[in-house]
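J.: One file: data_17.txt (compact mmCIF, C-alpha atoms).
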```txt
# COMPACT_ATOMS: atom_id res chain seq x y z
CA GLY E 1 34.00 -0.19 -3.40
CA ALA E 2 33.49 0.33 0.30
CA GLY E 3 30.04 -0.33 1.66
CA VAL E 4 28.14 1.32 4.47
CA SER E 5 30.05 1.16 7.73
CA GLN E 6 28.79 1.63 11.25
CA SER E 7 30.53 2.04 14.57
CA PRO E 8 30.71 0.75 17.14
CA SER E 9 29.58 -2.75 16.22
CA ASN E 10 28.52 -3.37 19.81
CA LYS E 11 27.75 -0.96 22.62
CA VAL E 12 26.85 -1.80 26.18
CA THR E 13 25.76 1.12 28.30
CA GLU E 14 24.12 1.73 31.63
CA LYS E 15 20.58 2.98 31.84
CA GLY E 16 20.50 6.77 31.86
CA LYS E 17 23.70 7.26 29.88
CA ASP E 18 23.87 8.91 26.46
CA VAL E 19 25.17 7.03 23.41
CA GLU E 20 26.24 8.05 19.93
CA LEU E 21 26.09 5.70 16.97
CA ARG E 22 27.91 6.50 13.76
CA CYS E 23 27.14 5.72 10.14
CA ASP E 24 29.44 6.22 7.16
CA PRO E 25 27.35 5.88 3.99
CA ILE E 26 28.60 4.90 0.56
CA SER E 27 30.33 7.87 -1.04
CA GLY E 28 27.97 9.83 -3.28
CA HIS E 29 24.78 8.42 -1.80
CA THR E 30 22.48 11.31 -1.04
CA ALA E 31 19.86 9.43 0.96
CA LEU E 32 20.50 7.97 4.40
CA TYR E 33 18.13 6.06 6.67
CA TRP E 34 18.30 4.91 10.27
CA TYR E 35 16.30 1.89 11.39
CA ARG E 36 15.89 0.01 14.63
CA GLN E 37 15.53 -3.76 14.75
CA SER E 38 14.36 -5.22 18.02
CA LEU E 39 14.55 -8.94 18.70
CA GLY E 40 11.96 -10.76 16.63
CA GLN E 41 10.64 -7.55 15.09
CA GLY E 42 10.79 -6.02 11.64
CA LEU E 43 12.89 -2.99 10.86
CA GLU E 44 11.41 0.16 12.34
CA PHE E 45 12.02 3.40 10.45
CA LEU E 46 13.57 6.14 12.58
CA ILE E 47 14.80 9.01 10.41
CA TYR E 48 15.57 9.83 6.77
CA PHE E 49 18.02 12.33 5.29
CA GLN E 50 17.94 13.37 1.62
CA GLY E 51 20.59 15.78 0.44
CA ASN E 52 20.18 19.22 1.97
CA SER E 53 16.47 18.82 2.66
CA ALA E 54 15.10 18.85 6.18
CA PRO E 55 15.20 15.31 7.57
CA ASP E 56 12.07 13.28 8.10
CA LYS E 57 12.12 12.58 11.83
CA SER E 58 8.66 11.06 11.97
CA GLY E 59 9.93 7.66 13.10
CA LEU E 60 11.90 8.80 16.13
CA PRO E 61 10.19 7.17 19.15
CA SER E 62 10.84 9.99 21.62
CA ASP E 63 12.68 13.27 22.04
CA ARG E 64 15.56 11.33 23.58
CA PHE E 65 16.46 10.32 20.03
CA SER E 66 18.11 12.69 17.59
CA ALA E 67 20.27 12.42 14.51
CA GLU E 68 22.35 14.65 12.36
CA ARG E 69 24.16 14.33 9.10
CA THR E 70 27.17 16.54 8.62
CA GLY E 71 28.24 17.64 5.16
CA GLY E 72 25.80 15.28 3.54
CA SER E 73 27.91 12.31 4.49
CA VAL E 74 28.52 10.88 7.96
CA SER E 75 25.52 10.60 10.26
CA THR E 76 25.31 10.27 14.01
CA LEU E 77 22.31 8.90 15.91
CA THR E 78 22.23 10.05 19.53
CA ILE E 79 20.14 8.49 22.26
CA GLN E 80 19.98 10.44 25.48
CA ARG E 81 19.19 8.99 28.89
CA THR E 82 19.05 5.46 27.49
CA GLN E 83 16.37 3.07 28.67
CA GLN E 84 16.34 -0.72 28.60
CA GLU E 85 13.72 -0.68 25.86
CA ASP E 86 16.27 1.08 23.64
CA SER E 87 18.23 -2.18 23.43
CA ALA E 88 18.18 -3.21 19.78
CA VAL E 89 20.26 -3.33 16.62
CA TYR E 90 20.45 0.05 14.94
CA LEU E 91 20.89 -0.19 11.19
CA CYS E 92 21.91 2.51 8.77
CA ALA E 93 21.27 2.38 5.03
CA SER E 94 22.15 4.67 2.15
CA ARG E 95 21.06 4.90 -1.46
CA PRO E 96 21.69 7.07 -4.49
CA THR E 97 19.16 9.78 -5.35
CA SER E 98 17.47 8.17 -8.30
CA PHE E 99 17.71 4.53 -7.39
CA TYR E 100 15.51 2.54 -5.03
CA GLU E 101 18.12 0.11 -3.78
CA GLN E 102 19.17 0.60 -0.18
CA TYR E 103 22.55 -0.61 1.01
CA PHE E 104 22.71 -1.52 4.65
CA GLY E 105 25.52 -1.32 7.11
CA PRO E 106 26.23 -4.18 9.54
CA GLY E 107 24.44 -2.44 12.38
CA THR E 108 25.27 -1.45 15.93
CA ARG E 109 23.99 -3.74 18.65
CA LEU E 110 23.03 -1.59 21.62
CA THR E 111 22.50 -3.18 25.02
CA VAL E 112 21.25 -1.03 27.87
CA THR E 113 21.79 -2.62 31.30
CA LYS C 1 -2.76 0.70 7.37
CA ASN C 2 0.33 -0.23 5.38
CA GLN C 3 1.49 -3.66 6.46
CA VAL C 4 3.70 -6.45 5.25
CA GLU C 5 3.13 -9.88 6.73
CA GLN C 6 5.36 -12.89 6.24
CA SER C 7 4.92 -16.58 6.83
CA PRO C 8 6.05 -18.83 8.21
CA GLN C 9 7.77 -17.06 11.07
CA SER C 10 10.46 -19.74 11.07
CA LEU C 11 11.30 -22.78 9.00
CA ILE C 12 13.72 -25.69 9.30
CA ILE C 13 14.60 -27.77 6.26
CA LEU C 14 17.24 -30.29 5.27
CA GLU C 15 20.07 -29.37 2.96
CA GLY C 16 19.17 -29.92 -0.67
CA LYS C 17 15.45 -29.44 -0.17
CA ASN C 18 13.36 -26.64 -1.65
CA CYS C 19 11.25 -24.18 0.29
CA THR C 20 8.86 -21.31 -0.31
CA LEU C 21 8.42 -18.23 1.85
CA GLN C 22 5.30 -16.09 1.69
CA CYS C 23 4.69 -12.35 1.87
CA ASN C 24 1.32 -10.60 1.90
CA TYR C 25 1.12 -6.84 1.80
CA THR C 26 -1.52 -4.16 2.19
CA VAL C 27 0.60 -1.27 1.00
CA SER C 28 -0.67 1.49 -1.22
CA PRO C 29 0.48 3.09 -3.39
CA PHE C 30 2.84 0.32 -4.33
CA SER C 31 6.05 0.87 -6.25
CA ASN C 32 8.18 -2.19 -5.91
CA LEU C 33 8.76 -5.19 -3.72
CA ARG C 34 12.06 -6.69 -2.77
CA TRP C 35 13.36 -9.61 -0.82
CA TYR C 36 16.36 -9.25 1.44
CA LYS C 37 18.55 -11.86 3.08
CA GLN C 38 19.90 -11.01 6.51
CA ASP C 39 22.62 -13.17 7.98
CA THR C 40 22.99 -13.13 11.74
CA GLY C 41 24.85 -10.04 12.88
CA ARG C 42 24.79 -8.38 9.49
CA GLY C 43 22.68 -5.89 7.61
CA PRO C 44 20.11 -7.04 5.04
CA VAL C 45 21.32 -7.68 1.48
CA SER C 46 18.99 -7.41 -1.51
CA LEU C 47 18.12 -10.62 -3.37
CA THR C 48 15.48 -9.48 -5.86
CA ILE C 49 13.41 -6.45 -6.73
CA MET C 50 10.14 -6.48 -8.67
CA THR C 51 7.86 -3.70 -9.86
CA PHE C 52 4.10 -4.19 -10.01
CA SER C 53 4.34 -5.16 -13.70
CA GLU C 54 6.73 -8.06 -13.08
CA ASN C 55 5.50 -11.39 -11.83
CA THR C 56 8.70 -13.38 -11.49
CA LYS C 57 12.39 -12.75 -11.09
CA SER C 58 15.27 -15.09 -10.41
CA ASN C 59 18.64 -14.69 -8.80
CA GLY C 60 20.48 -17.98 -8.92
CA ARG C 61 18.68 -20.46 -6.70
CA TYR C 62 16.27 -17.77 -5.52
CA THR C 63 13.07 -17.11 -7.47
CA ALA C 64 10.59 -14.46 -6.41
CA THR C 65 7.03 -14.19 -7.67
CA LEU C 66 4.58 -11.34 -7.37
CA ASP C 67 0.82 -11.23 -7.81
CA ALA C 68 -0.11 -7.56 -7.66
CA ASP C 69 -3.83 -8.39 -7.82
CA THR C 70 -3.83 -10.49 -4.66
CA LYS C 71 -0.93 -8.53 -3.15
CA GLN C 72 1.11 -11.62 -2.53
CA SER C 73 4.73 -12.48 -3.14
CA SER C 74 6.73 -15.61 -2.59
CA LEU C 75 10.41 -16.45 -2.47
CA HIS C 76 11.33 -19.94 -3.60
CA ILE C 77 14.71 -21.36 -2.69
CA THR C 78 15.89 -24.33 -4.73
CA ALA C 79 18.36 -26.98 -3.56
CA SER C 80 18.97 -25.27 -0.25
CA GLN C 81 22.47 -24.94 1.16
CA LEU C 82 23.69 -24.48 4.70
CA SER C 83 24.62 -20.90 3.80
CA ASP C 84 20.96 -20.16 3.10
CA SER C 85 20.36 -20.16 6.85
CA ALA C 86 19.32 -16.57 7.52
CA SER C 87 16.32 -14.31 7.90
CA TYR C 88 14.47 -13.40 4.71
CA ILE C 89 12.71 -10.08 4.75
CA CYS C 90 10.02 -8.86 2.37
CA VAL C 91 10.06 -5.09 1.83
CA VAL C 92 7.63 -2.87 -0.04
CA TYR C 93 8.60 0.56 -1.29
CA LEU C 94 5.93 3.24 -1.27
CA THR C 95 5.58 5.53 -4.22
CA SER C 96 3.84 8.84 -5.01
CA GLY C 97 6.52 11.13 -3.70
CA THR C 98 7.22 9.15 -0.60
CA TYR C 99 10.42 7.34 0.09
CA LYS C 100 9.50 4.94 2.82
CA TYR C 101 9.97 1.24 2.94
CA ILE C 102 7.61 -1.05 4.81
CA PHE C 103 9.41 -4.09 6.21
CA GLY C 104 7.97 -7.47 7.06
CA THR C 105 9.09 -9.18 10.25
CA GLY C 106 10.94 -11.81 8.27
CA THR C 107 11.11 -15.59 8.05
CA ARG C 108 13.96 -17.22 9.88
CA LEU C 109 15.24 -20.15 7.81
CA LYS C 110 17.52 -22.82 9.17
CA VAL C 111 19.05 -25.39 6.83
CA LEU C 112 20.33 -28.54 8.48
CA ALA C 113 22.96 -30.92 7.13
```
Could you express the structure from this file as structure tokens?
T.:
Amino acid sequence: GAGVSQSPSNKVTEKGKDVELRCDPISGHTALYWYRQSLGQGLEFLIYFQGNSAPDKSGLPSDRFSAERTGGSVSTLTIQRTQQEDSAVYLCASRPTSFYEQYFGPGTRLTVT
Amino acid sequence: KNQVEQSPQSLIILEGKNCTLQCNYTVSPFSNLRWYKQDTGRGPVSLTIMTFSENTKSNGRYTATLDADTKQSSLHITASQLSDSASYICVVYLTSGTYKYIFGTGTRLKVLA
């Protein structure tokens, strides 16, 4: 079946602009995670959605970052007023409710110039 | 503080040789530990998963071990192939009602012909 997809695969933006990153999870997966992977660093947790519950936003680095998940499926991560330090690969992962395995998308490489 | 540390940071070996990657964790409460392989430009893909009661698990040429007493895990790759060149990430899943994963920074493996 189809895996997790993310778009765009690459995004170059100017400092100060807003960007939106999209994640299409595997159909039926109730949990969705966003991570950030900076060069040479481990994956950094950003936000977690589980079904209709309120998302866990504890990993968002600043109020410039926000995410939503519409209809329990597609998710969008928005970064406002981008800064150079936001440059990283943003990874999305989904998993079924009662199973630990996460399935990752290919990521979006964001470059802020 | 929950941490996952991996060593070495990078490794170069010749095709056909074996290698072992290390992971030490200070995560509590511990549920399970998994190793992921991340090819350049792609999302991580799960290789093995072990609960605290398992001490070894194999997946083809990959064998993972876990010592829950010393909080150490290793990933052994046998008869390496060029396609094994990737980053290998150790991930620990927290339990007790949480849903967070703690990621190591990874070991970057390069296999040379």
J.: With 6 Å as the cut-off and all atoms listed in the file counted, what is the closest atom pair between each nearby residue of chain E and chain C? Distances in Å to one decimal, ordered by chain and number, as a Markdown table.
T.:
```
| residue | atom | partner | partner_atom | distance |
| --- | --- | --- | --- | --- |
| E:Gln41 | CA | C:Thr105 | CA | 5.3 |
| E:Gly42 | CA | C:Thr105 | CA | 3.8 |
| E:Leu43 | CA | C:Phe103 | CA | 5.9 |
| E:Phe104 | CA | C:Gly43 | CA | 5.3 |
| E:Gly105 | CA | C:Gly43 | CA | 5.4 |
| E:Pro106 | CA | C:Gly43 | CA | 4.4 |
```
J.: One decimal, in Å: what's the spacing between atom CA of His29 of chain E and atom CA of Thr76 of chain E?
T.: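 Distance between the two atoms: 15.9 Å.
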J.: Rounded to one decimal place, report the atom CA of Ala79 of chain C-atom CA of Thr51 of chain C distance in Å.
T.: 26.3 Å
J.: Mind listing whatever residues come within 12 Å of the point (27.9, 6.4, 18.0)? Use only C-alpha atoms, file coordinates, and give them as a PyMOL selection string.
T.: chain E and resi 5-13+18-24+66-68+74-80+90-92+107-110
J.: Expressed in Å to a single decimal, how great is the separation between atom CA of Asp67 of chain C and atom CA of Gly59 of chain E?
T.: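 Taking atom CA of Asp67 of chain C as the start and atom CA of Gly59 of chain E as the end point, the length is 29.6 Å.
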J.: Quick one: residues within 10 Å of Ala2 of chain E, only C-alpha atoms, excluding same-chain residues fewer than 5 positions away - as a list in words?
T.: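 Counting only C-alpha atoms, the residues come to Asp24, Pro25, Ile26 and Ser27 of chain E.
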J.: Nearest residue to Ser80 of chain C out of C:Lys110, C:Lys57, C:Lys1, C:Lys37, using only C-alpha atoms?
T.: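 Of the candidates, the smallest distance to Ser80 of chain C is held by C:Lys110.
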J.: Identify which of the residues E:Leu32, E:Ala93, E:Ala54, E:Val112 lies closest to Gly3 of chain E, counting only C-alpha atoms when measuring atom-to-atom distances.
T.: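 Ranking E:Leu32, E:Ala93, E:Ala54, E:Val112 by distance to Gly3 of chain E, first place goes to E:Ala93.
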J.: Of the candidates C:Leu14, C:Pro8, C:Ala68, C:Thr20, which shows the shortest atom-to-atom distance to Leu112 of chain C, using all atoms listed in the file?
T.: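 With all atoms listed in the file as the atom set, the closest residue is C:Leu14.
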J.: Please provide the set of residues having any atom within 10 Å of Pro61 of chain E, restricted to all atoms listed in the file, with same-chain residues fewer than 6 positions apart removed, written as a PyMOL selection string.
T.: chain E and resi 44-46+86
J.: Taking all atoms listed in the file into account, which of C:Leu33, C:Arg61, C:Leu66, C:Val27 comes nearest Thr78 of chain C?
T.: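 Checking each of C:Leu33, C:Arg61, C:Leu66, C:Val27 against Thr78 of chain C, counting all atoms listed in the file, the winner is C:Arg61.
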J.: I'd like the contact shell of Tyr103 of chain E - 7 Å cut-off, all atoms listed in the file, skipping same-chain residues fewer than 6 positions apart - returned as a list in words.
T.: Val4, Ala93, Ser94 and Arg95 of chain E
J.: Using all atoms of segment 46-52 of chain C that appear in the file, construct an axis-aligned enclosing box with 4 Å of padding on every side and provide its centre coordinates and edge lengths in Å, rounded to one decimal, as JSON.
T.:
```
{"center_x": 11.5, "center_y": -7.2, "center_z": -5.8, "size_x": 22.9, "size_y": 14.9, "size_z": 16.5}
```
J.: Can you tell me which residues surround Lys71 of chain C at a distance of at most 8 Å, considering all atoms listed in the file, apart from same-chain residues fewer than 5 positions away, and format the answer as a PyMOL selection string?
T.: chain C and resi 24-26+66
J.: Pull segment 29-71 of chain C out of the block and emit N, CA and C atoms, as a compact mmCIF listing (two decimals), in the first residue's frame.
T.:
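Everything below was put into selection.txt:
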```
# COMPACT_ATOMS: atom_id res chain seq x y z
N PRO C 29 10.56 5.44 31.87
CA PRO C 29 10.45 3.98 31.76
C PRO C 29 10.60 3.51 30.32
N PHE C 30 11.23 2.37 30.19
CA PHE C 30 11.58 1.85 28.89
C PHE C 30 10.53 0.87 28.40
N SER C 31 10.16 0.99 27.14
CA SER C 31 9.21 0.04 26.56
C SER C 31 9.88 -0.84 25.53
N ASN C 32 10.43 -0.21 24.52
CA ASN C 32 11.11 -1.00 23.51
C ASN C 32 12.17 -0.16 22.82
N LEU C 33 13.06 -0.85 22.17
CA LEU C 33 14.17 -0.20 21.47
C LEU C 33 14.18 -0.69 20.04
N ARG C 34 14.43 0.19 19.15
CA ARG C 34 14.46 -0.18 17.74
C ARG C 34 15.63 0.48 17.05
N TRP C 35 16.07 -0.18 16.01
CA TRP C 35 17.09 0.37 15.14
C TRP C 35 16.45 0.71 13.80
N TYR C 36 16.82 1.90 13.30
CA TYR C 36 16.33 2.34 12.00
C TYR C 36 17.53 2.54 11.08
N LYS C 37 17.27 2.34 9.80
CA LYS C 37 18.24 2.67 8.76
C LYS C 37 17.69 3.85 7.98
N GLN C 38 18.54 4.87 7.81
CA GLN C 38 18.11 6.04 7.05
C GLN C 38 19.07 6.28 5.90
N ASP C 39 18.59 6.01 4.69
CA ASP C 39 19.37 6.33 3.51
C ASP C 39 19.33 7.83 3.28
N THR C 40 20.34 8.34 2.62
CA THR C 40 20.42 9.77 2.35
C THR C 40 19.19 10.24 1.60
N GLY C 41 18.56 11.30 2.11
CA GLY C 41 17.40 11.87 1.44
C GLY C 41 16.11 11.12 1.63
N ARG C 42 16.10 10.18 2.55
CA ARG C 42 14.89 9.40 2.80
C ARG C 42 14.58 9.37 4.29
N GLY C 43 13.35 8.95 4.59
CA GLY C 43 12.98 8.81 5.99
C GLY C 43 13.52 7.51 6.56
N PRO C 44 13.63 7.43 7.88
CA PRO C 44 14.14 6.21 8.53
C PRO C 44 13.21 5.02 8.28
N VAL C 45 13.79 3.85 8.17
CA VAL C 45 13.04 2.60 7.99
C VAL C 45 13.45 1.64 9.09
N SER C 46 12.47 1.02 9.74
CA SER C 46 12.75 0.15 10.87
C SER C 46 13.48 -1.13 10.46
N LEU C 47 14.51 -1.49 11.23
CA LEU C 47 15.24 -2.74 11.00
C LEU C 47 14.81 -3.79 12.02
N THR C 48 14.84 -3.43 13.30
CA THR C 48 14.49 -4.37 14.36
C THR C 48 13.80 -3.63 15.49
N ILE C 49 13.03 -4.36 16.25
CA ILE C 49 12.42 -3.83 17.47
C ILE C 49 12.57 -4.87 18.56
N MET C 50 12.96 -4.44 19.75
CA MET C 50 13.11 -5.36 20.88
C MET C 50 12.47 -4.77 22.13
N THR C 51 11.74 -5.59 22.86
CA THR C 51 11.24 -5.19 24.17
C THR C 51 12.31 -5.49 25.21
N PHE C 52 12.07 -5.06 26.44
CA PHE C 52 13.09 -5.22 27.47
C PHE C 52 13.36 -6.69 27.80
N SER C 53 12.44 -7.59 27.43
CA SER C 53 12.62 -9.00 27.75
C SER C 53 13.37 -9.76 26.65
N GLU C 54 13.65 -9.10 25.54
CA GLU C 54 14.37 -9.74 24.44
C GLU C 54 15.81 -9.31 24.47
N ASN C 55 16.72 -10.21 24.17
CA ASN C 55 18.12 -9.80 24.17
C ASN C 55 18.80 -9.94 22.82
N THR C 56 18.11 -10.49 21.83
CA THR C 56 18.67 -10.51 20.50
C THR C 56 17.56 -10.68 19.47
N LYS C 57 17.76 -10.05 18.33
CA LYS C 57 16.80 -10.19 17.24
C LYS C 57 17.53 -9.97 15.93
N SER C 58 17.22 -10.80 14.97
CA SER C 58 17.89 -10.71 13.67
C SER C 58 16.93 -10.35 12.56
N ASN C 59 17.49 -9.69 11.57
CA ASN C 59 16.75 -9.34 10.37
C ASN C 59 17.74 -9.45 9.22
N GLY C 60 17.83 -10.66 8.66
CA GLY C 60 18.80 -10.88 7.60
C GLY C 60 20.22 -10.74 8.12
N ARG C 61 20.97 -9.84 7.50
CA ARG C 61 22.37 -9.65 7.92
C ARG C 61 22.49 -8.72 9.12
N TYR C 62 21.40 -8.23 9.61
CA TYR C 62 21.40 -7.34 10.77
C TYR C 62 20.99 -8.12 12.02
N THR C 63 21.79 -8.00 13.07
CA THR C 63 21.46 -8.62 14.35
C THR C 63 21.59 -7.57 15.44
N ALA C 64 20.50 -7.37 16.17
CA ALA C 64 20.52 -6.41 17.27
C ALA C 64 20.54 -7.16 18.60
N THR C 65 21.26 -6.62 19.56
CA THR C 65 21.28 -7.18 20.90
C THR C 65 20.86 -6.10 21.88
N LEU C 66 20.34 -6.54 23.01
CA LEU C 66 19.90 -5.60 24.04
C LEU C 66 20.25 -6.16 25.40
N ASP C 67 20.90 -5.34 26.21
CA ASP C 67 21.15 -5.66 27.61
C ASP C 67 20.43 -4.61 28.43
N ALA C 68 19.24 -4.98 28.94
CA ALA C 68 18.42 -4.03 29.67
C ALA C 68 19.03 -3.66 31.02
N ASP C 69 19.91 -4.51 31.53
CA ASP C 69 20.55 -4.20 32.83
C ASP C 69 21.56 -3.08 32.68
N THR C 70 22.38 -3.16 31.65
CA THR C 70 23.39 -2.11 31.42
C THR C 70 22.87 -1.01 30.51
N LYS C 71 21.67 -1.19 29.98
CA LYS C 71 21.06 -0.20 29.08
C LYS C 71 21.93 0.04 27.87
```
